[in-house]
Structure formats: structure tokens, C-alpha cells
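**Q** Contents of entry.cif (mmCIF, C-alpha atoms) are below:
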data_protein
#
loop_
_atom_site.label_atom_id
_atom_site.label_comp_id
_atom_site.auth_asym_id
_atom_site.auth_seq_id
_atom_site.Cartn_x
_atom_site.Cartn_y
_atom_site.Cartn_z
CA MET B 1 23.15 75.93 -34.78
CA ILE B 2 25.99 73.63 -33.65
CA THR B 3 28.32 76.61 -33.77
CA ILE B 4 26.05 78.58 -31.48
CA VAL B 5 25.84 75.77 -28.94
CA VAL B 6 29.62 75.37 -28.91
CA THR B 7 29.95 79.09 -28.39
CA ILE B 8 27.63 78.97 -25.40
CA LEU B 9 29.59 76.16 -23.80
CA GLY B 10 32.76 78.14 -24.27
CA LEU B 11 31.59 81.24 -22.44
CA ALA B 12 34.00 81.55 -19.54
CA GLY B 13 32.10 82.05 -16.32
CA SER B 14 28.84 82.82 -18.13
CA VAL B 15 27.13 79.46 -18.66
CA ARG B 16 28.60 76.50 -16.82
CA SER B 17 29.32 73.18 -18.55
CA GLN B 18 26.38 71.49 -16.80
CA ALA B 19 23.92 73.90 -18.38
CA LEU B 20 20.74 72.25 -19.60
CA SER B 21 19.10 72.53 -22.98
CA ILE B 22 15.48 73.65 -23.25
CA TYR B 23 14.65 70.07 -24.19
CA GLN B 24 16.16 68.74 -20.95
CA ILE B 25 14.07 71.18 -18.93
CA GLN B 26 10.84 70.72 -20.84
CA TYR B 27 10.73 67.02 -21.68
CA SER B 28 8.44 65.27 -19.25
CA THR B 29 6.78 61.91 -18.79
CA ASP B 30 4.61 63.25 -15.97
CA VAL B 31 0.89 62.84 -16.68
CA ASP B 32 0.35 66.59 -16.18
CA GLY B 33 3.51 67.60 -18.05
CA THR B 34 5.37 68.93 -14.99
CA SER B 35 9.05 69.55 -15.71
CA PRO B 36 11.52 67.16 -14.05
CA GLU B 37 13.46 70.29 -13.04
CA ASN B 38 10.48 71.96 -11.36
CA GLY B 39 11.73 73.87 -8.29
CA ASN B 40 15.41 73.61 -9.23
CA ILE B 41 17.87 76.43 -9.95
CA VAL B 42 19.48 75.75 -13.33
CA ASP B 43 21.67 77.17 -16.04
CA CYS B 44 20.10 76.98 -19.48
CA LEU B 45 21.74 76.97 -22.91
CA GLY B 46 18.71 78.95 -24.05
CA GLY B 47 17.54 79.61 -27.56
CA ILE B 48 16.36 82.20 -30.06
CA VAL B 49 13.86 84.77 -28.81
CA ILE B 50 10.82 84.35 -31.06
CA HIS B 51 8.53 86.65 -29.08
CA LYS B 52 8.83 89.37 -26.47
CA SER B 53 5.72 90.19 -24.48
CA PRO B 54 3.99 93.55 -25.05
CA ALA B 55 4.86 96.35 -22.64
CA THR B 56 1.40 96.07 -21.08
CA LEU B 57 2.17 92.57 -19.78
CA ARG B 58 4.77 91.20 -17.38
CA PRO B 59 8.13 91.01 -19.21
CA ARG B 60 8.78 87.58 -20.68
CA LEU B 61 10.72 86.06 -23.52
CA THR B 62 9.60 83.07 -25.55
CA LEU B 63 12.66 81.03 -26.50
CA TYR B 64 13.08 78.39 -29.19
CA ASP B 65 15.90 75.89 -29.65
CA PRO B 66 15.97 74.95 -33.36
CA ASN B 67 17.67 71.66 -32.50
CA TYR B 68 14.22 70.40 -31.43
CA PRO B 69 11.78 71.52 -34.14
CA ASP B 70 9.21 68.77 -33.55
CA GLY B 71 8.58 69.30 -29.84
CA TRP B 72 9.98 70.14 -26.39
CA GLY B 73 12.00 72.95 -27.94
CA GLY B 74 10.35 76.03 -26.43
CA ILE B 75 10.29 77.70 -23.03
CA ILE B 76 9.35 81.07 -21.53
CA ALA B 77 11.69 83.18 -19.41
CA LYS B 78 9.82 85.55 -17.10
CA ASP B 79 11.13 88.59 -15.24
CA THR B 80 9.09 88.01 -12.09
CA TYR B 81 9.69 91.41 -10.54
CA SER B 82 9.74 93.51 -13.72
CA THR B 83 13.34 94.57 -13.12
CA GLY B 84 13.85 95.75 -16.69
CA ALA B 85 16.48 93.05 -17.20
CA PHE B 86 15.12 92.12 -20.62
CA ASP B 87 14.85 95.66 -21.97
CA ASP B 88 17.80 95.29 -24.36
CA VAL B 89 16.86 91.81 -25.55
CA ASN B 90 15.37 91.68 -29.04
CA VAL B 91 13.50 89.12 -31.09
CA GLY B 92 16.16 87.13 -32.97
CA ASP B 93 18.69 87.16 -30.11
CA TRP B 94 20.02 83.83 -28.84
CA VAL B 95 19.94 84.17 -25.05
CA ALA B 96 21.49 81.82 -22.47
CA PHE B 97 20.80 81.94 -18.71
CA THR B 98 22.36 81.20 -15.35
CA ASN B 99 20.68 80.70 -11.97
CA MET B 100 17.12 80.57 -13.22
CA GLU B 101 14.41 78.90 -11.16
CA VAL B 102 12.31 76.37 -13.04
CA GLU B 103 8.69 76.80 -12.02
CA ASP B 104 5.59 75.09 -13.34
CA PHE B 105 3.09 77.91 -12.84
CA LYS B 106 -0.53 77.20 -13.73
CA GLY B 107 0.61 74.36 -15.96
CA THR B 108 3.27 76.20 -17.98
CA THR B 109 6.99 75.71 -17.35
CA PHE B 110 8.84 78.99 -16.83
CA LEU B 111 12.41 80.07 -16.24
CA GLN B 112 11.89 82.63 -13.46
CA TYR B 113 14.30 85.56 -13.21
CA LYS B 114 14.26 85.96 -9.43
CA SER B 115 16.73 88.42 -7.90
CA GLU B 116 17.27 86.30 -4.78
CA ASN B 117 18.84 83.59 -6.96
CA ASP B 118 21.38 85.99 -8.53
CA PRO B 119 20.21 85.25 -12.09
CA ASN B 120 22.00 86.41 -15.20
CA PHE B 121 21.86 85.97 -18.96
CA THR B 122 24.12 86.34 -21.97
CA ILE B 123 23.12 87.46 -25.45
CA VAL B 124 25.16 84.89 -27.35
CA SER B 125 24.28 86.17 -30.83
CA ARG B 126 21.88 88.56 -32.50
CA ASN B 127 19.79 88.63 -35.68
CA ASN B 128 19.31 84.88 -35.89
CA PRO B 129 16.76 83.79 -38.52
CA LEU B 130 13.36 83.16 -36.98
CA PRO B 131 11.77 79.76 -37.46
CA GLY B 132 8.51 79.37 -39.30
CA PRO B 133 5.63 77.91 -37.29
CA LEU B 134 5.30 74.14 -37.09
CA PRO B 135 2.15 73.18 -39.07
CA VAL B 136 -0.15 70.88 -37.09
CA THR B 137 -3.69 69.65 -37.47
CA VAL B 138 -6.25 70.82 -34.93
CA ASP B 139 -6.43 67.46 -33.17
CA LYS B 140 -2.78 67.80 -32.10
CA ILE B 141 -3.92 70.48 -29.63
CA ALA B 142 -7.07 68.87 -28.33
CA ALA B 143 -9.62 71.20 -26.76
CA PRO B 144 -10.84 70.56 -23.19
CA ILE B 145 -13.93 68.53 -22.47
CA GLU B 146 -16.63 70.56 -20.74
CA GLY B 147 -17.92 69.25 -17.41
CA ILE B 148 -20.27 70.58 -14.75
CA ASP B 149 -17.45 72.23 -12.84
CA GLN B 150 -14.40 71.80 -15.04
CA TRP B 151 -12.75 72.38 -18.41
CA VAL B 152 -10.02 69.75 -18.77
CA VAL B 153 -8.25 67.96 -21.61
CA ALA B 154 -8.55 64.21 -21.91
CA ASP B 155 -4.78 63.91 -22.39
CA HIS B 156 -1.66 66.06 -22.43
CA ASN B 157 -0.33 65.11 -25.85
CA ALA B 158 0.01 68.82 -26.66
CA GLU B 159 2.54 69.25 -23.84
CA LYS B 160 5.47 68.85 -26.21
CA TYR B 161 4.35 71.98 -28.08
CA GLU B 162 4.33 74.17 -24.95
CA ALA B 163 5.99 77.55 -25.68
CA MET B 164 6.59 76.51 -29.29
CA LEU B 165 5.36 78.39 -32.35
CA VAL B 166 2.83 76.28 -34.22
CA LYS B 167 0.18 76.85 -36.88
CA VAL B 168 -3.15 75.06 -37.07
CA VAL B 169 -4.24 74.83 -40.69
CA ASP B 170 -7.53 75.03 -42.58
CA VAL B 171 -9.74 76.13 -39.68
CA ASN B 172 -12.66 78.41 -38.82
CA VAL B 173 -13.87 80.23 -35.72
CA LYS B 174 -16.61 77.99 -34.39
CA ASP B 175 -17.50 80.00 -31.26
CA ILE B 176 -16.14 82.57 -28.79
CA GLY B 177 -16.30 83.21 -25.05
CA TYR B 178 -14.63 80.25 -23.35
CA GLY B 179 -12.12 79.62 -20.58
CA LYS B 180 -11.16 81.24 -17.30
CA ALA B 181 -11.46 84.78 -18.61
CA TYR B 182 -13.90 84.03 -21.45
CA ASP B 183 -11.18 85.13 -23.84
CA ASN B 184 -10.75 81.80 -25.61
CA TYR B 185 -12.38 80.93 -28.89
CA ILE B 186 -12.85 77.61 -30.63
CA LEU B 187 -11.02 76.86 -33.86
CA ALA B 188 -12.56 73.96 -35.79
CA SER B 189 -11.27 72.06 -38.79
CA ASN B 190 -12.91 73.12 -42.05
CA THR B 191 -13.08 69.47 -43.10
CA ASP B 192 -14.15 67.90 -39.78
CA PRO B 193 -16.02 70.21 -37.37
CA ASN B 194 -15.52 67.70 -34.55
CA LEU B 195 -11.79 68.45 -34.49
CA ILE B 196 -11.27 71.59 -32.43
CA CYS B 197 -8.72 73.47 -30.35
CA TRP B 198 -8.77 76.64 -28.26
CA ALA B 199 -7.05 79.93 -29.06
CA SER B 200 -6.71 83.30 -27.35
CA ASP B 201 -5.49 86.76 -28.38
CA TYR B 202 -4.44 88.19 -25.01
CA MET B 203 -0.79 88.25 -26.16
CA ASN B 204 -1.69 89.78 -29.54
CA GLU B 205 -0.27 93.27 -29.99
CA ASP B 206 -2.96 94.09 -32.57
CA ARG B 207 -6.05 92.91 -30.70
CA ASP B 208 -9.03 95.17 -30.22
CA GLY B 209 -10.56 94.44 -26.82
CA ILE B 210 -10.65 90.75 -25.97
CA TYR B 211 -10.15 89.49 -29.53
CA HIS B 212 -8.29 90.39 -32.68
CA PRO B 213 -10.64 92.08 -35.21
CA TYR B 214 -10.41 89.03 -37.50
CA VAL B 215 -11.89 86.76 -34.85
CA GLU B 216 -15.63 86.34 -35.24
CA PRO B 217 -17.78 83.22 -35.52
CA GLY B 218 -17.77 81.77 -39.02
CA GLN B 219 -14.48 83.36 -40.12
CA LYS B 220 -12.37 80.88 -42.09
CA PHE B 221 -8.58 80.82 -42.01
CA CYS B 222 -6.02 78.92 -44.06
CA GLY B 223 -3.91 79.02 -40.92
CA VAL B 224 -3.67 80.51 -37.42
CA ALA B 225 -0.22 80.63 -35.82
CA GLY B 226 0.73 81.22 -32.22
CA VAL B 227 2.59 80.08 -29.13
CA ILE B 228 1.14 77.17 -27.15
CA GLU B 229 0.43 77.79 -23.46
CA GLN B 230 -1.03 75.46 -20.86
CA TYR B 231 -3.38 76.92 -18.28
CA ALA B 232 -4.28 75.00 -15.15
CA GLY B 233 -5.99 76.36 -12.07
CA GLU B 234 -9.25 76.91 -10.25
CA LYS B 235 -11.63 79.85 -10.11
CA GLU B 236 -14.91 80.04 -8.24
CA GLY B 237 -15.10 76.29 -7.90
CA ILE B 238 -14.40 75.57 -11.58
CA TYR B 239 -11.21 73.66 -12.39
CA TYR B 240 -9.31 74.38 -15.61
CA ASN B 241 -6.57 72.46 -17.34
CA TYR B 242 -6.27 73.12 -21.05
CA TYR B 243 -3.94 74.26 -23.83
CA GLN B 244 -4.46 77.43 -25.83
CA LEU B 245 -2.84 78.84 -28.95
CA LEU B 246 -1.78 82.45 -28.28
CA THR B 247 -1.62 84.67 -31.36
CA THR B 248 0.86 87.55 -31.23
CA THR B 249 0.27 89.81 -34.27
CA THR B 250 -2.05 90.18 -37.26
CA SER B 251 0.45 88.24 -39.36
CA ASP B 252 -0.43 85.09 -37.38
CA PHE B 253 -3.74 84.93 -39.26
CA THR B 254 -3.72 83.67 -42.85
CA ILE B 255 -7.12 84.23 -44.42
CA GLU B 256 -6.16 83.48 -48.01
CA GLN B 257 -3.13 81.62 -49.31
CA PRO B 258 -1.43 83.44 -52.21
CA SER B 259 -1.38 81.34 -55.40
CA ASP B 260 -4.08 79.00 -54.04
CA LEU B 261 -6.34 78.79 -57.08
CA ASN B 262 -8.65 75.96 -55.95
CA ASP B 263 -9.34 77.33 -52.45
CA ASP B 264 -7.98 74.37 -50.48
CA CYS B 265 -5.47 76.52 -48.51
CA GLY B 266 -2.44 74.92 -50.17
CA VAL B 267 -0.38 75.60 -53.30
CA ASP B 268 0.34 72.38 -55.20
CA PHE B 269 0.02 70.64 -58.58
CA ALA B 270 -3.75 71.05 -58.58
CA ASP B 271 -3.23 74.82 -58.54
CA PHE B 272 -0.49 74.59 -61.15
CA ALA B 273 -2.85 72.75 -63.49
CA LEU B 274 -5.33 75.62 -63.21
CA PHE B 275 -2.52 78.11 -63.71
CA ALA B 276 -1.26 76.28 -66.82
CA TYR B 277 -4.77 76.22 -68.31
CA HIS B 278 -4.73 80.02 -68.50
CA TRP B 279 -1.08 80.35 -69.52
CA LEU B 280 -0.62 82.92 -72.29
CA THR B 281 -4.28 82.65 -73.27
CA ASP B 282 -5.57 85.05 -75.89
CA VAL B 283 -8.49 85.88 -73.60
CA LYS B 284 -7.86 89.04 -71.62
CA CYS B 285 -8.19 88.53 -67.86
CA THR B 286 -10.65 90.87 -66.22
CA GLU B 287 -12.09 91.42 -62.78
CA PRO B 288 -13.53 89.94 -60.70
CA ASN B 289 -12.34 86.49 -61.93
CA TRP B 290 -8.91 87.41 -63.31
CA CYS B 291 -8.69 84.13 -65.27
CA GLY B 292 -9.61 81.97 -62.31
CA GLY B 293 -7.17 83.88 -60.14
CA ALA B 294 -4.20 82.87 -62.31
CA ASP B 295 -3.59 86.51 -63.27
CA LEU B 296 -1.94 87.15 -59.91
CA THR B 297 -0.43 90.47 -60.96
CA LYS B 298 -3.73 91.63 -62.52
CA ASN B 299 -2.04 92.82 -65.70
CA ARG B 300 -4.81 91.19 -67.83
CA SER B 301 -2.71 88.18 -68.91
CA VAL B 302 -1.13 85.10 -67.35
CA ASP B 303 2.54 85.43 -68.11
CA MET B 304 6.05 85.20 -66.69
CA PHE B 305 5.27 87.82 -64.04
CA ASP B 306 2.43 85.68 -62.72
CA LEU B 307 4.62 82.56 -62.88
CA LYS B 308 7.21 84.30 -60.69
CA GLU B 309 4.51 85.23 -58.18
CA PHE B 310 3.05 81.72 -58.25
CA SER B 311 6.41 80.01 -57.72
CA GLU B 312 7.21 82.15 -54.69
CA HIS B 313 4.34 80.47 -52.84
CA TRP B 314 4.89 76.92 -54.08
CA LEU B 315 3.91 74.29 -51.44
CA GLU B 316 2.91 76.96 -48.95
CA GLY B 317 -0.20 76.53 -46.87
CA LYS B 318 -0.95 73.32 -45.09
CA TYR B 319 2.34 71.67 -46.00
#
What is this file in C-alpha cells?

**A**
Amino acid sequence: MITIVVTILGLAGSVRSQALSIYQIQYSTDVDGTSPENGNIVDCLGGIVIHKSPATLRPRLTLYDPNYPDGWGGIIAKDTYSTGAFDDVNVGDWVAFTNMEVEDFKGTTFLQYKSENDPNFTIVSRNNPLPGPLPVTVDKIAAPIEGIDQWVVADHNAEKYEAMLVKVVDVNVKDIGYGKAYDNYILASNTDPNLICWASDYMNEDRDGIYHPYVEPGQKFCGVAGVIEQYAGEKEGIYYNYYQLLTTTTSDFTIEQPSDLNDDCGVDFADFALFAYHWLTDVKCTEPNWCGGADLTKNRSVDMFDLKEFSEHWLEGKY
């Protein structure tokens, strides 16, 4: 990624030398997470487009700078007036910007593409590899505390994940119908039901109505991935200030982890021990058990083909 950054800085007349990184725009010590650049017109070194909003929503690009994988590395660029400026931008493009207005709108920091500021952008490179989601436990995105006239978080520790792709692991749908538009649902830890966060599917291209078809109370997931968004505002006398995980496609939901033989949503030595127990056994594997799941290819034996399948998922899951 150093090469990409150097390339951006070398763009004659495209991105000026004082251009800011996403980190410089997003990092905040403000108690509410407001960007230090809020209200300013800036140039931005940008990042890789990891999501482009569906055509039914206002055009926006979710950008990720891989130089900051643990936080403050994501931001959303929004075409305020739907000018069609982002039509030729694709997921995987590294995009840099000039003359973008930084605006904290309803809690989330945006780069606004406003025509009066003479904005522009450059597609620095295409087909960049997309990052995997950052695995986090549910408590890293604390759910709001319900009050008589408010839904607010006790702290803003999740602010550093804003606009970043994360995955909460080993969770279940505890309940649905929360938030400003009643489109949030509660994800609870499978090991500690007191640890919860909120999620929403309004950005999901595969949703059916308010929620994705997978989302129903009691459904367990090895992982749910999505982009973190803060929502702050007031409606009918109720004040909101919370973070929500926005899923984008069906692939964001992991119901079962391939090669997970002991059902703990991870693939590790405990699973390998179970796999080895059935290795080249004389007993033919049959449904529905398939030798404790070790016969991954369902060819009635646990052999080299199953080992290949098993190894492809080694240490996947909650790691």
C-alpha cells in the first residue's frame, strides 16, 4: 500500500501535498466522536472502495485505508445531489478526493461531494484486493441503553470502527424491532447473553422487506459482518445516539463454519483431533452424521480430499 500512497502524492494537480488520510479526518478525541475537520473543505488520500450503495439509496462509497486496519481507517463519501459522479467507480478501486466537505451528519462523518465546492476525485488504481472484516466481540460495539425518551450508548468506544468492515462472532438474534425506524435487531453473544450490539439490514442488497430472510429471533450465527454506522438524532421527542452494524449482502452472514466439527464456530486443533479420529477409518461414513462431519466431501471416507477441504478453512471463524 506504500506504493499506492506515493502514487497519490505524485498526482500532478489531482491531490495536493497537504491531502489528509482517512485516519486524520476520522480520528477524534471528542466525546461524541465529531471529526476535528468537521465543516472544513479538504483533500483526502482516500482508500479502497469496499462497498457502493444500492441504486435505491443515495449514492455513496465506503472507503477503507488498509494502513489502519485496527480503527479509524474507514469513511463514507456521499454524492449529496445524486449527480452520477460515482457511476464509474467500482468496488476495489482506490479513490482519492479533492475539495470535499467534511460533515458529521447524524453522528457519522461523511465526505460530501457538493458541487458548490468544485469537488473532484481520481481513481488511483483498480482491482485492489478487498480486506476481510475485522473480527470483534459484541461488547466492542456496545448497544444503547434504553431510557424513557432516549436510546443512547454509555460510551463511544465504537467510534474508531465507524465506516469500517467488522464481523461480530458467535452471536444470535435476540430480538427485532428497535431504533428510529424499528429496523434494528439485537445480536447477543452465544456465550454471554448480556453482551449485545445492534444491527440493521437497510443497506443489504438481498434483504426482503425490513430484514434479511436469515434474521429472525433465535437464529444463531458464527459471524455477522457489516459496516459500522453511528446514528444520532431526535424523532418525536425521542433522542437517539447509537452504533449499528449494517450488513450489505447475504455473504455477510455465516451460519455454519466449514470444517468446524465441534460446533464452536472456529476451526482449530480441537476440530483437527476429531478429524484425525476418523482418518482412513474402515467404517464407511454415512448420512446424516458423515463420521462426525469429518467426511466433508461426503464420499463415504475421510481421506486426502477431506484433508484438503479441512485445511482450506484452518483457523477460520472467530480468529

**Q** Written as a short mmCIF file (atom, residue, chain, number, x, y, z; two decimals) with C-alpha atoms, in the coordinates of the input, what is the full residue list that the PyMOL selection byres ((chain B and resi 96) around 6) yields on the file shown?

**A**
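The new file selection_10.cif reads:
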data_model
loop_
_atom_site.label_atom_id
_atom_site.label_comp_id
_atom_site.auth_asym_id
_atom_site.auth_seq_id
_atom_site.Cartn_x
_atom_site.Cartn_y
_atom_site.Cartn_z
CA CYS B 44 20.10 76.98 -19.48
CA LEU B 45 21.74 76.97 -22.91
CA GLY B 46 18.71 78.95 -24.05
CA VAL B 95 19.94 84.17 -25.05
CA PHE B 97 20.80 81.94 -18.71
CA PHE B 121 21.86 85.97 -18.96
CA THR B 122 24.12 86.34 -21.97
#

**Q** Considering all atoms listed in the file, state which residue in the set B:Asp65, B:Asp263, B:Asp70, B:Glu37 is at the smallest distance from B:Asp93.

**A**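 Residue with the minimum atom-to-atom distance to B:Asp93: B:Asp65.
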
**Q** With only C-alpha atoms as the counted atoms, please give the residues lying no more than 12 Å from B:Asn172, apart from itself and same-chain residues fewer than 6 positions off, as a VMD selection string.

**A** chain B and resid 138 185 to 199 214 to 224 253 to 255

**Q** Deliver the residues from the most recent selection as a file, using C-alpha atoms, as an mmCIF file, in the coordinates of the input.

**A**
data_model
loop_
_atom_site.group_PDB
_atom_site.id
_atom_site.type_symbol
_atom_site.label_atom_id
_atom_site.label_comp_id
_atom_site.auth_asym_id
_atom_site.auth_seq_id
_atom_site.Cartn_x
_atom_site.Cartn_y
_atom_site.Cartn_z
ATOM 1 C CA VAL B 138 -6.250 70.820 -34.930
ATOM 2 C CA TYR B 185 -12.380 80.930 -28.890
ATOM 3 C CA ILE B 186 -12.850 77.610 -30.630
ATOM 4 C CA LEU B 187 -11.020 76.860 -33.860
ATOM 5 C CA ALA B 188 -12.560 73.960 -35.790
ATOM 6 C CA SER B 189 -11.270 72.060 -38.790
ATOM 7 C CA ASN B 190 -12.910 73.120 -42.050
ATOM 8 C CA THR B 191 -13.080 69.470 -43.100
ATOM 9 C CA ASP B 192 -14.150 67.900 -39.780
ATOM 10 C CA PRO B 193 -16.020 70.210 -37.370
ATOM 11 C CA ASN B 194 -15.520 67.700 -34.550
ATOM 12 C CA LEU B 195 -11.790 68.450 -34.490
ATOM 13 C CA ILE B 196 -11.270 71.590 -32.430
ATOM 14 C CA CYS B 197 -8.720 73.470 -30.350
ATOM 15 C CA TRP B 198 -8.770 76.640 -28.260
ATOM 16 C CA ALA B 199 -7.050 79.930 -29.060
ATOM 17 C CA TYR B 214 -10.410 89.030 -37.500
ATOM 18 C CA VAL B 215 -11.890 86.760 -34.850
ATOM 19 C CA GLU B 216 -15.630 86.340 -35.240
ATOM 20 C CA PRO B 217 -17.780 83.220 -35.520
ATOM 21 C CA GLY B 218 -17.770 81.770 -39.020
ATOM 22 C CA GLN B 219 -14.480 83.360 -40.120
ATOM 23 C CA LYS B 220 -12.370 80.880 -42.090
ATOM 24 C CA PHE B 221 -8.580 80.820 -42.010
ATOM 25 C CA CYS B 222 -6.020 78.920 -44.060
ATOM 26 C CA GLY B 223 -3.910 79.020 -40.920
ATOM 27 C CA VAL B 224 -3.670 80.510 -37.420
ATOM 28 C CA PHE B 253 -3.740 84.930 -39.260
ATOM 29 C CA THR B 254 -3.720 83.670 -42.850
ATOM 30 C CA ILE B 255 -7.120 84.230 -44.420
#

**Q** Exactly which residues make up the result of the PyMOL selection byres ((chain B and resi 278) around 12) on this file, given as a list in words?

**A**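 So the PyMOL selection byres ((chain B and resi 278) around 12) ends up selecting Leu261, Asp271, Phe272, Ala273, Leu274, Phe275, Ala276, Tyr277, Trp279, Leu280, Thr281, Asp282, Val283, Lys284, Cys285, Asn289, Trp290, Cys291, Gly292, Gly293, Ala294, Asp295, Leu296, Arg300, Ser301, Val302, Asp303, Asp306 and Leu307 of chain B.
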
**Q** Using the chain letters and residue numbers of this document, give as a ChimeraX atom specification the residues selected by the PyMOL selection byres ((chain B and resi 57) around 12).

**A** /B:52-56,58-61,78-82,202-205

**Q** Write to file, as an mmCIF file, in the frame of the given file, the residues of the selection just made, with C-alpha atoms.

**A**
data_model
loop_
_atom_site.group_PDB
_atom_site.id
_atom_site.type_symbol
_atom_site.label_atom_id
_atom_site.label_comp_id
_atom_site.auth_asym_id
_atom_site.auth_seq_id
_atom_site.Cartn_x
_atom_site.Cartn_y
_atom_site.Cartn_z
ATOM 1 C CA LYS B 52 8.830 89.370 -26.470
ATOM 2 C CA SER B 53 5.720 90.190 -24.480
ATOM 3 C CA PRO B 54 3.990 93.550 -25.050
ATOM 4 C CA ALA B 55 4.860 96.350 -22.640
ATOM 5 C CA THR B 56 1.400 96.070 -21.080
ATOM 6 C CA ARG B 58 4.770 91.200 -17.380
ATOM 7 C CA PRO B 59 8.130 91.010 -19.210
ATOM 8 C CA ARG B 60 8.780 87.580 -20.680
ATOM 9 C CA LEU B 61 10.720 86.060 -23.520
ATOM 10 C CA LYS B 78 9.820 85.550 -17.100
ATOM 11 C CA ASP B 79 11.130 88.590 -15.240
ATOM 12 C CA THR B 80 9.090 88.010 -12.090
ATOM 13 C CA TYR B 81 9.690 91.410 -10.540
ATOM 14 C CA SER B 82 9.740 93.510 -13.720
ATOM 15 C CA TYR B 202 -4.440 88.190 -25.010
ATOM 16 C CA MET B 203 -0.790 88.250 -26.160
ATOM 17 C CA ASN B 204 -1.690 89.780 -29.540
ATOM 18 C CA GLU B 205 -0.270 93.270 -29.990
#

**Q** If I take atom CA of B:Lys180 and atom CA of B:Gly33, how far is one from the other in Å, to one decimal?

**A**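 Here the two named atoms are 20.0 Å from each other.
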
**Q** Residues near B:Pro36, anyone? I mean within 10 Å using only C-alpha atoms, not counting same-chain ones fewer than 2 positions away, as number ranges by chain.

**A** B: 24-30, 33-34, 38-40, 102, 104

**Q** Which is closer to B:Asp201 than all the others in B:Val173, B:Leu165, B:Leu111, B:Leu246, using only C-alpha atoms?

**A**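 Using only C-alpha atoms, the shortest distance to B:Asp201 belongs to B:Leu246.
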
**Q** Using only C-alpha atoms, which residue out of B:Gly71, B:Gly84, B:Gly233, B:Gly92 lies closest to B:Lys140?

**A**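 Of all the options, B:Gly71 lies closest to B:Lys140.
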
**Q** How many Å separate atom CA of B:Ala142 from atom CA of B:Ala158?

**A**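 It comes out at 7.3 Å.
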
**Q** For B:Gln230, which of B:Gly107, B:Pro131, B:Gly266, B:Pro119 is the closest residue, counting all atoms listed in the file?

**A** B:Gly107

**Q** Near B:Asn99, counting all atoms listed in the file, which residues have an atom at most 9 Å away, once you skip same-chain residues fewer than 6 positions from it, shown as number ranges by chain?

**A** B: 41-44, 113-114, 117-121

**Q** Create the file for the chosen residues now, containing C-alpha atoms and written as a compact mmCIF listing (two decimals), in the frame of the given file.

**A**
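Output below, filename part-v2.txt:
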# COMPACT_ATOMS: atom_id res chain seq x y z
CA ILE B 41 17.87 76.43 -9.95
CA VAL B 42 19.48 75.75 -13.33
CA ASP B 43 21.67 77.17 -16.04
CA CYS B 44 20.10 76.98 -19.48
CA TYR B 113 14.30 85.56 -13.21
CA LYS B 114 14.26 85.96 -9.43
CA ASN B 117 18.84 83.59 -6.96
CA ASP B 118 21.38 85.99 -8.53
CA PRO B 119 20.21 85.25 -12.09
CA ASN B 120 22.00 86.41 -15.20
CA PHE B 121 21.86 85.97 -18.96

**Q** My list of candidates is B:Asn241, B:Asn184, B:Ser21, B:Asn299. Which is closest to B:Asn67 when distances are computed with all atoms listed in the file?

**A**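 Checking each candidate against B:Asn67, we get B:Ser21 as the closest.
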
**Q** Using all atoms listed in the file, pick whichever of B:Glu287, B:Asp155, B:Glu234, B:Asp264 has the shortest atom-to-atom distance to B:Ala181.

**A**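 Looking at the shortest contact to B:Ala181, the residue is B:Glu234.
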
**Q** Would you work out the distance separating atom CA of B:Asp88 from atom CA of B:Ile76, expressed in Å to one decimal?

**A**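 Result for atom CA of B:Asp88 versus atom CA of B:Ile76: 16.8 Å, one decimal.
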
**Q** How would you write as an mmCIF file with C-alpha atoms, keeping the file's coordinate frame the residues that get within 12 Å of (17.6, 84.8, -39.9) in the file's frame, counting all atoms listed in the file?

**A**
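out-v7.cif, written as the output of this step:
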data_model
loop_
_atom_site.group_PDB
_atom_site.id
_atom_site.type_symbol
_atom_site.label_atom_id
_atom_site.label_comp_id
_atom_site.auth_asym_id
_atom_site.auth_seq_id
_atom_site.Cartn_x
_atom_site.Cartn_y
_atom_site.Cartn_z
ATOM 1 C CA MET B 1 23.150 75.930 -34.780
ATOM 2 C CA ILE B 48 16.360 82.200 -30.060
ATOM 3 C CA VAL B 49 13.860 84.770 -28.810
ATOM 4 C CA ILE B 50 10.820 84.350 -31.060
ATOM 5 C CA PRO B 66 15.970 74.950 -33.360
ATOM 6 C CA VAL B 91 13.500 89.120 -31.090
ATOM 7 C CA GLY B 92 16.160 87.130 -32.970
ATOM 8 C CA ASP B 93 18.690 87.160 -30.110
ATOM 9 C CA TRP B 94 20.020 83.830 -28.840
ATOM 10 C CA SER B 125 24.280 86.170 -30.830
ATOM 11 C CA ARG B 126 21.880 88.560 -32.500
ATOM 12 C CA ASN B 127 19.790 88.630 -35.680
ATOM 13 C CA ASN B 128 19.310 84.880 -35.890
ATOM 14 C CA PRO B 129 16.760 83.790 -38.520
ATOM 15 C CA LEU B 130 13.360 83.160 -36.980
ATOM 16 C CA PRO B 131 11.770 79.760 -37.460
ATOM 17 C CA GLY B 132 8.510 79.370 -39.300
#
